[in-house]
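Q: Submitted below is the structure of interest, expressed as structure tokens.
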2 protein chains.
Amino acid sequence: MAKSNRVALGLDFGTESVRAILVGLDGVERASAVVKYRHGQITQTLPTTGQTLPHDFAFQHPADWIDGAGKAVRKAMRTAKLSADDVVGIGVDFTSCTMLPALRDGTPLCQVHPFDEQMFAWPKLWKHHGAQKQTDRINDVARERKEKWLDTYGGTIGLEWFFPKILETLERAPKVYDAAEVWVEAGDWFVWRLVGCKAEDLPRSTCQAGYKAMWSAKTGYPSREFFAALHPKMANVVSDKMPGRMLAPGEVAGGLCAEMAKRLGLRETTPVSAATIDAHAGVPGAGAAGAGTLVMVMGTSSCHMLNATEGTVVPGVAGVVDGGILPGYFGYETGQAAVGDAFAWLRQTVGQRDFNQLAAGAAELPPGADGVLCMDWFNGCRTPLMDGSLRGAFTGLSLNHGPHHLYRALLEASAFGVRWIVDLLAEHGVPVRDYVATGGLPHHNPLLVQVYADVLGKPISVHPALHGPAIGAAILGALVAGKAVTGFKSPADAIRTMADPKKHGGSKIVKPRRAATRAYDDVYGRYRTLADQLA
Amino acid sequence: MAKSNRVALGLDFGTESVRAILVGLDGVERASAVVKYRHGQITQTLPTTGQTLPHDFAFQHPADWIDGAGKAVRKAMRTAKLSADDVVGIGVDFTSCTMLPALRDGTPLCQVHPFDEQMFAWPKLWKHHGAQKQTDRINDVARERKEKWLDTYGGTIGLEWFFPKILETLERAPKVYDAAEVWVEAGDWFVWRLVGCKAEDLPRSTCQAGYKAMWSAKTGYPSREFFAALHPKMANVVSDKMPGRMLAPGEVAGGLCAEMAKRLGLRETTPVSAATIDAHAGVPGAGAAGAGTLVMVMGTSSCHMLNATEGTVVPGVAGVVDGGILPGYFGYETGQAAVGDAFAWLRQTVGQRDFNQLAAGAAELPPGADGVLCMDWFNGCRTPLMDGSLRGAFTGLSLNHGPHHLYRALLEASAFGVRWIVDLLAEHGVPVRDYVATGGLPHHNPLLVQVYADVLGKPISVHPALHGPAIGAAILGALVAGKAVTGFKSPADAIRTMADPKKHGGSKIVKPRRAATRAYDDVYGRYRTLADQLA
């Protein structure tokens with residue numbers, strides 16, 4: 001292979017689509033292709049039976065992941081005019097906790113008759129909110145038993161996590177639980193398919209496990225006794241139904257198997273990295289290789305990730321994992337459950353085809369949206385309240401307000417949500433020094449970034465890469481190719497080279513406007529008061 | 001004139017249009033015609049200068065009242081094929097407090113140069129909300145001075161009333177105040193024009209004065225000392241700028257003058273009644289001639305009127321006036337500031353052309369709108385909080401909710417507002433025994449009436465007349481024609497005959513559904529909690 005053509009492949013599995021990106025080892029993007037999932041988000045009816053789903057359910061179809069990835073990789077390779085030999089390694093990031101039950105041979109239970117007609121056999125998308133009761137129970141039991149790991153998650157585990165979703169199936173569809181031989185994160189499942197190994201070697205990501213399944217390198221998963229206290233049948237869930245080995249993102253999961261090599265049009269044995277969470281991939285993807293930079297991965301939902309030199313308990317912060325984002329740092333994960341999703345919901349609710357009119361109108365309004373205040377909990381509150389049952393609101397409405405007032409108030413609420421997180425981190429001795437925005441949203445929505453900068457009173461650097469997490473995944477692909485192939489001296493070296501903003505078009509710096517920042521202090525106070533009232 | 005052709009004319013001045021109705025003395029509607037005001041509600045720019053109006057301002061154009069009435073009467077007369085001699089009397093109802101400054105010859109100040117270019121010279125529509133500061137001051141001064149009349153209005157006078165609007169002009173445009181020779185309710189102004197009398201004989205309605213200008217038959221207007229305490233220049237506002245005589249609705253204001261007879265195509269000297277408030281006209285217009293019937297006049301905003309045998313102080317009830325609605329009863333006026341207006345606002349905000357889709361979707365939802373809760377204060381809260389600065393809200397919003405959830409929640413909030421009023425009256429010993437709905441809304445919006453019946457847990461009788469207040473105005477026209485002409489033995493006799501539901505197509509009874517009523521108890525509790533939080 002020609003040295004200058006060497007690329008790493010990043011596969012970025014989102015809520016609506018999968019993206020394949022080919023990033024040169026010099027940091028130059030060679031091609032990128034996105035393929036929408038044929039079934040999209042499955043929220044209305046089950047594809048096999050037409051059964052109506054409860055309103056807080058959300059599934060995905062595993063065939064969409066396989067088919068989508070195949071099409072996206074082939075399209076990107078064609079565009080880049082590269083051969084299979086040019087691809088040095090593969091990284092995968094995935095929404096999380098998106099998870100599924102499978103057989104030990106890897107077949108998703110939803111593709112095995114008659115379970116294909118059982119809704120609880122289907123992969124639950126991260127935003128599936130059917131497990132509220134089970135989440136409450138897990139939190140209650142953990143508090144009663146004074147489980148130490150609870151502190152790591154700010155004292156509360158989340159509605160969207162791994163074990164609530166399992167317990168929900170156990171309680172609501174025990175036969176599905178019995179038939180499930182393997183419970184697995186979707187990202188890990190996909191890597192498992194890529195390397196084609198046996199279930200006992202299933203490469204499970206420490207990132208997903210650390211942030212979504214109460215796992216830590218020191219103590220492993222919660223104890224048998226804890227699971228037994230939840231439900232007798234769950235006692236041995238880890239030993240019986242969670243086979244595999246733990247690997248950090250950037251560690252080698254295996255080589256690409258023949259079947260998937262054929263599907264993707266790539267070379268068999270190409271090294272594959274353990275998976276990572278999409279948002280967490282955004283940190284290297286945004287070129288952030290050190291401590292104190294809040295990387296705001298903004299999309300359907302937002303994850304705000306921070307590396308710090310110390311691991312501290314911060315109430316309400318979803319997870320603090322040693323090496324959870326990058327080796328050598330404590331990775332803090334915080335998040336907002338509805339961001340782009342909420343904007344799309346509003347656009348649709350007010351009957352607009354696109355955001356042009358809303359954005360133009362909202363930009364004309366002063367900070368505070370003429371008195372309209374929004375609470376951005378349209379999909380619950382992740383950080384700091386960790387309560388998926390909370391709901392959004394608009395207050396201060398009069399007959400003189402239009403859709404653009406609602407939209408501006410929503411953008412502002414989203415920014416207030418970030419400010420709350422940053423305030424909380426600072427109060428607990430974890431300072432944020434600078435801000436990088438990545439993900440699709442900051443590029444499509446300049447008004448949003450300006451509102452964020454104004455509310456936070458700090459400049460925001462918008463990383464030029466349109467697909468930060470995908471680049472982060474490609475960087476993981478480069479890491480597993482090995483020093484001998486890539487020449488990178490360290491993960492930080494790979495990150496700084498492959499995600500160098502200059503290579504991706506240069507960062508855009510959005511500065512705060514002082515008068516707006518002053519004006520927002522008062523509105524933020526009202527936002528916090530409203531949060532107290534509604535929580 | 002042929003006896004069977006004898007009709008009374010009702011002129012009903014609304015927020016967007018004027019209606020002329022011809023009702024036979026036998027109760028049969030002969031014709032009705034509505035004419036939209038050319039300038040509509042003036043809320044954006046001043047017609048003369050194009051000056052942008054503050055967002056809480058709302059004016060009307062006096063020429064629209066005169067032109068609109070002329071066209072509507074002529075159209076109704078043509079339709080009914082009646083001659084001028086067939087009209088035995090004229091009644092007028094008007095939105096209130098819609099008011100204006102004028103010269104002593106009756107010319108509106110906004111039609112006198114250069115005042116036509118001054119926004120404070122224009123008639124302020126009832127919903128004009130520019131006088132918040134002045135309302136606060138009037139309430140403060142009244143409380144300090146322990147003014148007795150304050151009790152009659154539930155302890156608070158309203159943002160939309162007569163004297164706040166005058167004080168606003170005095171403070172913000174003193175030259176306009178100085179130039180104003182007469183301050184007058186728009187309904188009284190129109191009757192003044194009809195009879196063409198001198199300023200000192202200006203027929204002022206005890207209804208408007210009693211409910212909106214702190215007047216009572218026993219004590220008259222507030223004292224000179226009170227007005228002086230508000231503002232030195234206001235001390236003599238009553239003696240200097242409010243000439244005229246007080247007349248109850250149904251008392252003769254005079255005979256139709258030559259000029260207006262020509263404009264309307266009617267006979268000179270036709271007797272004209274003193275004006276009444278549109279909502280209050282709805283009580284006789286709905287055939288309610290006794291105590292204990294809550295007449296819900298539902299339209300742009302709603303007035304809920306109750307006659308009772310005793311006059312009691314009820315905190316938050318806008319007005320208790322002896323004979324304010326019908327002779328022999330204490331009339332209780334309560335209201336909701338945004339009803340049809342709020343529905344229209346929502347329809348527009350969610351980008352729908354009509355209510356069909358919203359109503360169909362909302363009808364499918366269970367009580368409680370899947371968790372969406374609304375506070376119906378989009379134009380402030382009239383009863384019981386009497387605070388025009390309060391604002392509307394939606395809470396409980398998730399990404400799964402659509403516009404029909406917002407709409408149902410809004411209908412429910414409107415019903416909860418009525419329940420709050422009824423609870424309040426009952427707590428103070430003023431029971432509501434039955435419910436009559438009138439105004440345009442109950443006819444156009446069957447879902448709304450069902451929600452009201454369910455929330456109140458009582459049947460609601462929808463009076464068949466599409467234009468209750470207009471019929472009420474026509475009844476006033478019959479009263480001033482005199483017993484010799486009409487044969488009616490009493491006002492109650494006239495009401496029972498002319499507004500007999502059977503003559504207008506028969507009442508529709510909407511019954512409560514027990515399961516819904518039970519379900520709403522909980523939602524109503526949450527509504528009241530939200531009200532406490534937002535107020």
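All residue names refer to the structure tokens as shown: chains lettered A, B, ... in order, residues numbered from 1 in each chain, ligands numbered from 1 in order.
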I need the chain B residues near chain A as a PDB file with C-alpha atoms, in the first residue's frame; criterion: at most 10 Å, counting only C-alpha atoms.

A:
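Saved as iface-v7.pdb:
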ATOM      1  CA  THR B  43     -52.158  45.989  18.053  1.00  0.00           C
ATOM      2  CA  HIS B  55     -46.664  44.696  22.640  1.00  0.00           C
ATOM      3  CA  ASP B  56     -49.338  44.986  25.320  1.00  0.00           C
ATOM      4  CA  ALA B 338     -58.178  34.499  27.297  1.00  0.00           C
ATOM      5  CA  ASP B 341     -58.221  34.071  21.899  1.00  0.00           C
ATOM      6  CA  ALA B 342     -55.915  31.513  23.474  1.00  0.00           C
ATOM      7  CA  PHE B 343     -57.302  28.710  21.300  1.00  0.00           C
ATOM      8  CA  ALA B 344     -56.703  30.840  18.209  1.00  0.00           C
ATOM      9  CA  TRP B 345     -53.214  31.681  19.450  1.00  0.00           C
ATOM     10  CA  LEU B 346     -52.396  28.009  19.869  1.00  0.00           C
ATOM     11  CA  ARG B 347     -53.838  27.099  16.469  1.00  0.00           C
ATOM     12  CA  GLN B 348     -51.705  29.792  14.873  1.00  0.00           C
ATOM     13  CA  THR B 349     -48.606  28.921  16.903  1.00  0.00           C
ATOM     14  CA  VAL B 350     -48.753  25.289  15.780  1.00  0.00           C
ATOM     15  CA  GLY B 351     -49.316  26.362  12.184  1.00  0.00           C
ATOM     16  CA  GLN B 352     -52.827  24.980  11.648  1.00  0.00           C
ATOM     17  CA  ASP B 370     -51.140  12.334  28.621  1.00  0.00           C
ATOM     18  CA  GLY B 371     -49.470  14.433  31.285  1.00  0.00           C
ATOM     19  CA  VAL B 372     -49.461  17.820  29.569  1.00  0.00           C
ATOM     20  CA  LEU B 373     -50.748  20.517  31.888  1.00  0.00           C
ATOM     21  CA  CYS B 374     -51.575  24.061  30.835  1.00  0.00           C
ATOM     22  CA  MET B 375     -51.992  27.315  32.714  1.00  0.00           C
ATOM     23  CA  ASP B 376     -54.501  29.419  30.800  1.00  0.00           C
ATOM     24  CA  TRP B 377     -53.117  32.839  31.721  1.00  0.00           C
ATOM     25  CA  PHE B 378     -52.126  33.868  28.205  1.00  0.00           C
ATOM     26  CA  ASN B 379     -53.720  37.263  28.791  1.00  0.00           C
ATOM     27  CA  GLY B 380     -53.328  37.376  32.569  1.00  0.00           C
ATOM     28  CA  SER B 389     -49.308  40.414  34.326  1.00  0.00           C
ATOM     29  CA  LEU B 390     -49.562  36.663  34.898  1.00  0.00           C
ATOM     30  CA  ARG B 391     -48.627  34.456  31.966  1.00  0.00           C
ATOM     31  CA  GLY B 392     -49.565  31.109  30.472  1.00  0.00           C
ATOM     32  CA  ALA B 393     -47.601  27.884  30.596  1.00  0.00           C
ATOM     33  CA  PHE B 394     -47.396  24.302  29.442  1.00  0.00           C
ATOM     34  CA  THR B 395     -45.708  21.692  31.616  1.00  0.00           C
ATOM     35  CA  GLY B 396     -45.286  17.932  31.399  1.00  0.00           C
ATOM     36  CA  LEU B 397     -44.036  18.108  27.800  1.00  0.00           C
ATOM     37  CA  SER B 398     -42.193  15.221  26.196  1.00  0.00           C
ATOM     38  CA  LEU B 399     -40.973  14.477  22.711  1.00  0.00           C
ATOM     39  CA  ASN B 400     -43.968  12.207  22.224  1.00  0.00           C
ATOM     40  CA  HIS B 401     -46.497  15.011  22.596  1.00  0.00           C
ATOM     41  CA  GLY B 402     -48.016  16.733  19.607  1.00  0.00           C
ATOM     42  CA  PRO B 403     -50.033  19.897  19.008  1.00  0.00           C
ATOM     43  CA  HIS B 404     -53.246  18.057  19.935  1.00  0.00           C
ATOM     44  CA  LEU B 406     -51.249  21.156  23.829  1.00  0.00           C
ATOM     45  CA  THR B 529     -50.453  23.588  42.439  1.00  0.00           C
ATOM     46  CA  LEU B 530     -49.039  24.957  39.196  1.00  0.00           C
ATOM     47  CA  GLN B 533     -46.073  28.135  41.677  1.00  0.00           C
ATOM     48  CA  LEU B 534     -46.531  30.538  38.781  1.00  0.00           C
TER      49      LEU B 534
END

Q: For Ala308 in chain A, please output as a count of residues only all residues within 9 Å (counting only C-alpha atoms; exclusion window: fewer than 4 positions along the same chain).

A: 10

Q: Write out as JSON, numbers by chain which residues come within 8 Å of Leu466 in chain B when counting only C-alpha atoms, dropping same-chain ones fewer than 4 positions away.

A: {"B": [438, 439, 440, 443]}

Q: Write a file of the just-selected residues containing N, CA, C and O atoms, as a tab-separated table (two decimals), in the first residue's frame.

A:
chain	number	residue	atom	x	y	z
B	438	THR	N	-73.21	30.17	26.65
B	438	THR	CA	-73.66	30.97	25.52
B	438	THR	C	-72.44	31.65	24.89
B	438	THR	O	-71.32	31.36	25.29
B	439	GLY	N	-72.66	32.50	23.90
B	439	GLY	CA	-71.53	33.03	23.13
B	439	GLY	C	-71.26	32.08	21.97
B	439	GLY	O	-71.87	31.01	21.86
B	440	GLY	N	-70.35	32.48	21.11
B	440	GLY	CA	-70.11	31.68	19.90
B	440	GLY	C	-69.44	30.34	20.18
B	440	GLY	O	-69.77	29.31	19.60
B	443	HIS	N	-70.93	26.66	20.59
B	443	HIS	CA	-71.54	26.09	19.38
B	443	HIS	C	-70.49	25.55	18.43
B	443	HIS	O	-70.70	24.54	17.76

Q: Can you tell me, as number ranges by chain, what residues are no more than 10 Å from range 214-227 of chain B when counting only C-alpha atoms, ignoring any on the same chain fewer than 3 positions away?

A: B: 138, 141-142, 145, 147-150, 152-153, 157, 161-163, 167, 206-211, 230-239, 246, 319-324

Q: Within range 192-300 of chain B, find each residue whose DSSP state, derived from the backbone, is helix (DSSP H, G or I), and express the selection as JSON, numbers by chain.

A: {"B": [192, 193, 194, 195, 199, 200, 201, 206, 207, 208, 209, 210, 211, 212, 224, 225, 226, 227, 228, 229, 230, 232, 233, 234, 237, 238, 239, 240, 241, 258, 259, 260, 261, 262, 263, 264, 278, 279, 280, 281, 282, 283, 284, 285]}

Q: From the options B:Pro384, B:Gly24, B:Gly187, B:Pro47, which residue's atoms come nearest to Leu82 in chain B, counting only C-alpha atoms?

A: B:Gly24

Q: Would you mind listing what lies within 7 Å of range 66-75 of chain A as an NGL selection string, with only C-alpha atoms counted and same-chain residues fewer than 3 positions away left out?

A: :A and (18-20 or 33-37 or 62-63 or 78-79 or 263-265)

Q: Which residues are near Ala31 in chain A? Cut-off 6 Å, only C-alpha atoms, ignore same chain within fewer than 4 positions. Put them as a ChimeraX atom specification.

A: /A:21-22,76,80

Q: Filtering to all heavy atoms, could you give me those residues as a PDB file, in the first residue's frame?

A:
ATOM      1  N   ILE A  21     -16.391   6.906   8.116  1.00  0.00           N
ATOM      2  CA  ILE A  21     -15.461   7.978   7.768  1.00  0.00           C
ATOM      3  C   ILE A  21     -14.079   7.375   7.582  1.00  0.00           C
ATOM      4  O   ILE A  21     -13.693   6.441   8.291  1.00  0.00           O
ATOM      5  CB  ILE A  21     -15.460   9.091   8.849  1.00  0.00           C
ATOM      6  CG1 ILE A  21     -14.831  10.367   8.305  1.00  0.00           C
ATOM      7  CG2 ILE A  21     -14.748   8.629  10.123  1.00  0.00           C
ATOM      8  CD1 ILE A  21     -15.096  11.575   9.194  1.00  0.00           C
ATOM      9  N   LEU A  22     -13.378   7.904   6.608  1.00  0.00           N
ATOM     10  CA  LEU A  22     -12.008   7.463   6.360  1.00  0.00           C
ATOM     11  C   LEU A  22     -11.093   8.645   6.611  1.00  0.00           C
ATOM     12  O   LEU A  22     -11.170   9.664   5.911  1.00  0.00           O
ATOM     13  CB  LEU A  22     -11.874   6.959   4.915  1.00  0.00           C
ATOM     14  CG  LEU A  22     -12.729   5.714   4.608  1.00  0.00           C
ATOM     15  CD1 LEU A  22     -12.875   5.509   3.106  1.00  0.00           C
ATOM     16  CD2 LEU A  22     -12.129   4.473   5.274  1.00  0.00           C
ATOM     17  N   ALA A  76     -18.061   5.160   1.084  1.00  0.00           N
ATOM     18  CA  ALA A  76     -16.913   5.989   1.452  1.00  0.00           C
ATOM     19  C   ALA A  76     -15.664   5.522   0.719  1.00  0.00           C
ATOM     20  O   ALA A  76     -14.863   6.341   0.228  1.00  0.00           O
ATOM     21  CB  ALA A  76     -16.704   5.946   2.965  1.00  0.00           C
ATOM     22  N   ALA A  80     -13.445   7.760  -1.796  1.00  0.00           N
ATOM     23  CA  ALA A  80     -12.024   8.023  -1.516  1.00  0.00           C
ATOM     24  C   ALA A  80     -11.107   7.360  -2.540  1.00  0.00           C
ATOM     25  O   ALA A  80      -9.917   7.655  -2.584  1.00  0.00           O
ATOM     26  CB  ALA A  80     -11.687   7.539  -0.114  1.00  0.00           C
TER      27      ALA A  80
END

Q: Could you pull the residues within 10 Å of Leu46 in chain A, counting only C-alpha atoms, minus those fewer than 2 positions along the same chain, as a list in words?

A: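 My reading of the contact set: Ile42, Thr43, Gln44, Thr48, Thr49, Gly50, Gln51, Thr52, Leu53, Phe59, Asp116, Glu117, Gln118, Met119 and Trp122 of chain A.
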
Q: In terms of the shortest atom-to-atom distance over only C-alpha atoms, which of B:Ala281, B:Ala8, B:Ala415, B:Ala275 is closest to His467 in chain B?

A: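 Ranking B:Ala281, B:Ala8, B:Ala415, B:Ala275 by distance to His467 in chain B, first place goes to B:Ala281.
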
Q: Counting only C-alpha atoms, which of A:Asp140, A:Asp26, A:Glu160, A:Glu181 gets nearest to Leu103 in chain A?

A: A:Glu181

Q: Pick out each residue of range 9-141 of chain B that DSSP on the backbone tags as strand (DSSP E or B); I need them as a ChimeraX atom specification.

A: /B:9-13,17-24,29-36,42,45,52,59,87-94,99-102,108,124
